[in-house]
Amino acid sequence: MQLSLPDETATLALGARLAAGVRPGMAVWLVGDLGAGKTTLTRGLLRALGHGGRVKSPTYTLVEIYPFSSFNLYHFDLYRFIDPEEWEEAGFREYFNPESICLVEWPEKGGAILPLPDLEIRLEIDGEGRLARLYGRTEEGRRCVEDISESGSA
Ligand SMILES: Nc1ncnc2c1ncn2[C@@H]1O[C@H](COP(=O)(O)OP(=O)(O)OP(=O)(O)O)[C@@H](O)[C@H]1O
Ligand SMILES: [Mg+2]
């Protein structure tokens, strides 16, 4: 599935559509250059899930935790990730479990420490706007892409 996102509002809207498709247990990779819109997409998703507060980029903290009534959402940014030992010690591995949704910016920086994603979203700068490509990597991920493509006109 491929989508043109002409402005920030369109990225937020794709995040909101994603909210209708993600389920606890899913891991979502957000791949794209600096400024491609990964955090913006996450913000749209969190708002649609009912999070009323801020959504800050977890560049320095590696992860921000958003507790919802029936699951936790973990938003990772591995741009500055260097120490696989820290990953184990901090218990981040356990964050990937059937009761949580994990979104990961810069998954390529995590390499083999990360489990495989259900869904991969690739964002690309495209003139003034962005281009999004969605890939379902598991059955659950493919179901999610179907839900998202049925939820919008694009
Ligand atoms: N579809 C879009 N068209 C134009 N600008 C956009 C679009 N989506 C997001 N932006 C803008 O791009 C900028 C960077 O967005 P964002 O912080 O989400 O990027 P990022 O991929 O998380 O970057 P980083 O890798 O640095 O964390 C923001 O100013 C945001 O408003
Ligand atoms: Mg970001």
# chains A, B, ... in the order shown; residues from 1 in each chain; ligands from 1
>>> residues_near_ligand(ligand="ligand 2", cutoff="9 Å", atoms="only C-alpha atoms and all ligand atoms", output="number ranges by chain")
A: 34-40, 42, 56-59, 77, 79, 105-106
>>> residues_around(residues="Leu119 (chain A)", least_positions_apart="3", cutoff="12 Å", atoms="only C-alpha atoms", output="ChimeraX atom specification")
/A:1,18,21-23,25-31,101-104,115-116,122,133-146,148
>>> write_last_selection(atoms="C-alpha atoms", output="PDB file, in the first residue's frame")
ATOM      1  CA  MET A   1       0.000   0.000   0.000  1.00  0.00           C
ATOM      2  CA  LEU A  18      -3.335   3.114  11.915  1.00  0.00           C
ATOM      3  CA  GLY A  21      -5.688  -1.412  12.721  1.00  0.00           C
ATOM      4  CA  VAL A  22      -3.031  -1.956  15.379  1.00  0.00           C
ATOM      5  CA  ARG A  23      -3.649  -4.516  18.110  1.00  0.00           C
ATOM      6  CA  GLY A  25       1.113  -7.767  20.386  1.00  0.00           C
ATOM      7  CA  MET A  26       2.090  -5.850  17.283  1.00  0.00           C
ATOM      8  CA  ALA A  27       5.473  -4.341  16.495  1.00  0.00           C
ATOM      9  CA  VAL A  28       5.621  -1.542  13.907  1.00  0.00           C
ATOM     10  CA  TRP A  29       8.826  -0.278  12.305  1.00  0.00           C
ATOM     11  CA  LEU A  30       8.929   3.354  11.196  1.00  0.00           C
ATOM     12  CA  VAL A  31      11.668   3.705   8.611  1.00  0.00           C
ATOM     13  CA  ILE A 101       2.114  -2.209  20.949  1.00  0.00           C
ATOM     14  CA  CYS A 102       5.667  -1.210  20.012  1.00  0.00           C
ATOM     15  CA  LEU A 103       6.532   1.486  17.485  1.00  0.00           C
ATOM     16  CA  VAL A 104      10.188   1.794  16.585  1.00  0.00           C
ATOM     17  CA  PRO A 115      12.321  -8.974  16.995  1.00  0.00           C
ATOM     18  CA  LEU A 116      10.802  -8.983  13.502  1.00  0.00           C
ATOM     19  CA  ARG A 122       8.511   3.531   5.158  1.00  0.00           C
ATOM     20  CA  ARG A 133       4.624   2.746   1.967  1.00  0.00           C
ATOM     21  CA  LEU A 134       3.131   0.083   4.197  1.00  0.00           C
ATOM     22  CA  TYR A 135       4.295  -3.521   4.257  1.00  0.00           C
ATOM     23  CA  GLY A 136       2.628  -6.276   6.273  1.00  0.00           C
ATOM     24  CA  ARG A 137       5.415  -8.631   7.387  1.00  0.00           C
ATOM     25  CA  THR A 138       3.229 -11.126   9.267  1.00  0.00           C
ATOM     26  CA  GLU A 139      -0.356 -12.300   8.907  1.00  0.00           C
ATOM     27  CA  GLU A 140      -1.365  -9.804  11.601  1.00  0.00           C
ATOM     28  CA  GLY A 141       0.556  -7.075   9.808  1.00  0.00           C
ATOM     29  CA  ARG A 142      -1.110  -7.850   6.485  1.00  0.00           C
ATOM     30  CA  ARG A 143      -4.515  -7.779   8.178  1.00  0.00           C
ATOM     31  CA  CYS A 144      -3.606  -4.376   9.586  1.00  0.00           C
ATOM     32  CA  VAL A 145      -2.633  -3.001   6.150  1.00  0.00           C
ATOM     33  CA  GLU A 146      -5.962  -4.254   4.790  1.00  0.00           C
ATOM     34  CA  ILE A 148      -6.003   0.695   6.937  1.00  0.00           C
TER      35      ILE A 148
END
>>> select_by_dssp(residues="chain A", states="helix (DSSP H, G or I)", output="ChimeraX atom specification")
/A:8-19,38-49,84-89,92-95,107-109,111-113,139-151
>>> atom_distance(atom1="CA of Ala112 (chain A)", atom2="CA of Leu45 (chain A)")
26.4 Å
>>> select_by_dssp(residues="region 29-149 of chain A", states="strand (DSSP E or B)", output="PyMOL selection string")
chain A and resi 29-31+63-67+72-77+100-105+119-126+129-136
>>> atom_distance(atom1="CA of Arg43 (chain A)", atom2="CA of Val55 (chain A)")
5.9 Å
>>> atom_distance(atom1="atom 21 (O, counted along the ligand's line) of ligand 1", atom2="CA of Glu99 (chain A)")
25.8 Å
>>> closest_residue(among="A:Leu5, A:Ala90, A:Ala19, A:Val63", to="His51 (chain A)", atoms="only C-alpha atoms")
A:Ala19
>>> closest_residue(among="A:Leu49, A:Ala20, A:Leu62, A:Leu73", to="ligand 1", atoms="only C-alpha atoms and all ligand atoms")
A:Leu62
>>> residues_around(residues="Gly53 (chain A)", least_positions_apart="6", cutoff="10 Å", atoms="only C-alpha atoms", output="short mmCIF file (atom, residue, chain, number, x, y, z; two decimals) with N, CA and C atoms, in the first residue's frame")
data_model
loop_
_atom_site.label_atom_id
_atom_site.label_comp_id
_atom_site.auth_asym_id
_atom_site.auth_seq_id
_atom_site.Cartn_x
_atom_site.Cartn_y
_atom_site.Cartn_z
N ARG A 43 2.36 10.48 16.67
CA ARG A 43 1.50 11.45 17.36
C ARG A 43 0.05 11.29 16.90
N LEU A 46 -1.34 8.11 18.50
CA LEU A 46 -1.59 8.24 19.95
C LEU A 46 -2.82 9.11 20.22
N ARG A 47 -2.96 10.19 19.46
CA ARG A 47 -4.14 11.05 19.64
C ARG A 47 -5.41 10.28 19.34
N TYR A 66 3.37 4.91 26.92
CA TYR A 66 2.02 5.45 26.98
C TYR A 66 1.08 4.36 27.47
#
>>> closest_residue(among="A:Leu12, A:Arg17, A:Pro98, A:Tyr60", to="ligand 1", atoms="only C-alpha atoms and all ligand atoms")
A:Leu12
>>> decode(residues="region 7-146 of chain A", atoms="C-alpha atoms", output="short mmCIF file (atom, residue, chain, number, x, y, z; two decimals), in the first residue's frame")
data_model
loop_
_atom_site.label_atom_id
_atom_site.label_comp_id
_atom_site.auth_asym_id
_atom_site.auth_seq_id
_atom_site.Cartn_x
_atom_site.Cartn_y
_atom_site.Cartn_z
CA ASP A 7 1.29 17.88 4.51
CA GLU A 8 1.66 17.24 8.23
CA THR A 9 -2.11 16.85 8.63
CA ALA A 10 -2.04 13.94 6.18
CA THR A 11 0.67 12.21 8.22
CA LEU A 12 -1.39 12.69 11.39
CA ALA A 13 -4.42 11.28 9.56
CA LEU A 14 -2.51 8.16 8.49
CA GLY A 15 -1.51 7.73 12.15
CA ALA A 16 -5.17 7.93 13.10
CA ARG A 17 -6.08 5.29 10.51
CA LEU A 18 -3.34 3.11 11.92
CA ALA A 19 -5.03 3.35 15.32
CA ALA A 20 -7.96 1.39 13.91
CA GLY A 21 -5.69 -1.41 12.72
CA VAL A 22 -3.03 -1.96 15.38
CA ARG A 23 -3.65 -4.52 18.11
CA PRO A 24 -1.76 -5.45 21.24
CA GLY A 25 1.11 -7.77 20.39
CA MET A 26 2.09 -5.85 17.28
CA ALA A 27 5.47 -4.34 16.49
CA VAL A 28 5.62 -1.54 13.91
CA TRP A 29 8.83 -0.28 12.31
CA LEU A 30 8.93 3.35 11.20
CA VAL A 31 11.67 3.70 8.61
CA GLY A 32 12.75 6.97 7.01
CA ASP A 33 15.32 9.75 7.07
CA LEU A 34 15.59 12.50 9.66
CA GLY A 35 12.42 14.58 9.42
CA ALA A 36 10.52 12.04 7.32
CA GLY A 37 7.52 12.17 9.69
CA LYS A 38 7.93 9.10 11.93
CA THR A 39 7.20 10.95 15.18
CA THR A 40 4.35 12.88 13.54
CA LEU A 41 2.73 9.59 12.48
CA THR A 42 3.11 8.26 16.02
CA ARG A 43 1.50 11.45 17.36
CA GLY A 44 -1.51 10.93 15.07
CA LEU A 45 -1.84 7.33 16.26
CA LEU A 46 -1.59 8.24 19.95
CA ARG A 47 -4.14 11.05 19.64
CA ALA A 48 -6.58 8.74 17.89
CA LEU A 49 -6.12 6.19 20.67
CA GLY A 50 -7.18 8.90 23.13
CA HIS A 51 -3.86 10.18 24.43
CA GLY A 52 -4.45 13.85 25.25
CA GLY A 53 -0.97 14.83 26.40
CA ARG A 54 2.26 15.58 24.62
CA VAL A 55 4.06 13.17 22.34
CA LYS A 56 7.75 13.89 22.50
CA SER A 57 10.48 12.38 20.46
CA PRO A 58 12.26 9.70 22.55
CA THR A 59 15.60 10.36 20.88
CA TYR A 60 17.52 10.71 24.16
CA THR A 61 15.45 8.41 26.38
CA LEU A 62 15.21 5.65 23.69
CA VAL A 63 11.60 5.00 24.69
CA GLU A 64 8.44 6.77 25.84
CA ILE A 65 5.71 4.74 27.51
CA TYR A 66 2.02 5.45 26.98
CA PRO A 67 -0.27 3.40 29.24
CA PHE A 68 -3.78 2.72 27.95
CA SER A 69 -6.47 0.81 29.82
CA SER A 70 -5.84 -2.54 28.15
CA PHE A 71 -2.30 -2.25 26.78
CA ASN A 72 0.87 -0.18 26.87
CA LEU A 73 2.22 1.57 23.81
CA TYR A 74 6.01 1.86 23.66
CA HIS A 75 7.45 4.44 21.30
CA PHE A 76 11.13 3.79 20.63
CA ASP A 77 13.62 5.96 18.80
CA LEU A 78 16.90 4.10 18.34
CA TYR A 79 18.74 6.86 16.49
CA ARG A 80 21.28 7.19 19.32
CA PHE A 81 21.21 3.56 20.35
CA ILE A 82 24.65 2.02 20.78
CA ASP A 83 24.70 -0.42 23.69
CA PRO A 84 22.97 -3.81 23.32
CA GLU A 85 23.75 -4.50 27.00
CA GLU A 86 21.76 -1.48 28.05
CA TRP A 87 18.86 -2.87 26.03
CA GLU A 88 18.87 -6.11 28.03
CA GLU A 89 19.48 -4.40 31.38
CA ALA A 90 16.71 -1.88 30.88
CA GLY A 91 14.33 -4.76 30.10
CA PHE A 92 13.41 -3.37 26.69
CA ARG A 93 13.24 -6.86 25.23
CA GLU A 94 10.27 -7.58 27.53
CA TYR A 95 8.46 -4.55 26.15
CA PHE A 96 7.75 -6.64 23.06
CA ASN A 97 4.97 -8.83 24.42
CA PRO A 98 1.38 -9.82 23.57
CA GLU A 99 -0.05 -7.02 25.75
CA SER A 100 1.85 -4.16 24.16
CA ILE A 101 2.11 -2.21 20.95
CA CYS A 102 5.67 -1.21 20.01
CA LEU A 103 6.53 1.49 17.49
CA VAL A 104 10.19 1.79 16.59
CA GLU A 105 11.86 4.72 14.82
CA TRP A 106 15.30 3.91 13.38
CA PRO A 107 14.93 0.11 13.79
CA GLU A 108 17.99 -0.36 11.56
CA LYS A 109 20.11 1.04 14.43
CA GLY A 110 18.88 -1.79 16.67
CA GLY A 111 19.93 -4.51 14.27
CA ALA A 112 19.57 -8.05 15.55
CA ILE A 113 18.44 -7.12 19.06
CA LEU A 114 14.99 -6.38 17.70
CA PRO A 115 12.32 -8.97 17.00
CA LEU A 116 10.80 -8.98 13.50
CA PRO A 117 8.06 -6.42 12.88
CA ASP A 118 4.46 -7.15 11.97
CA LEU A 119 4.21 -3.96 10.01
CA GLU A 120 6.82 -1.79 8.36
CA ILE A 121 6.00 1.79 7.39
CA ARG A 122 8.51 3.53 5.16
CA LEU A 123 8.33 7.32 4.88
CA GLU A 124 10.12 9.27 2.21
CA ILE A 125 10.47 12.97 1.56
CA ASP A 126 8.63 13.76 -1.65
CA GLY A 127 8.88 17.41 -2.66
CA GLU A 128 7.11 19.44 0.03
CA GLY A 129 5.28 16.36 1.27
CA ARG A 130 5.94 12.72 2.08
CA LEU A 131 5.32 9.34 0.55
CA ALA A 132 4.31 6.42 2.80
CA ARG A 133 4.62 2.75 1.97
CA LEU A 134 3.13 0.08 4.20
CA TYR A 135 4.29 -3.52 4.26
CA GLY A 136 2.63 -6.28 6.27
CA ARG A 137 5.42 -8.63 7.39
CA THR A 138 3.23 -11.13 9.27
CA GLU A 139 -0.36 -12.30 8.91
CA GLU A 140 -1.37 -9.80 11.60
CA GLY A 141 0.56 -7.07 9.81
CA ARG A 142 -1.11 -7.85 6.48
CA ARG A 143 -4.52 -7.78 8.18
CA CYS A 144 -3.61 -4.38 9.59
CA VAL A 145 -2.63 -3.00 6.15
CA GLU A 146 -5.96 -4.25 4.79
#
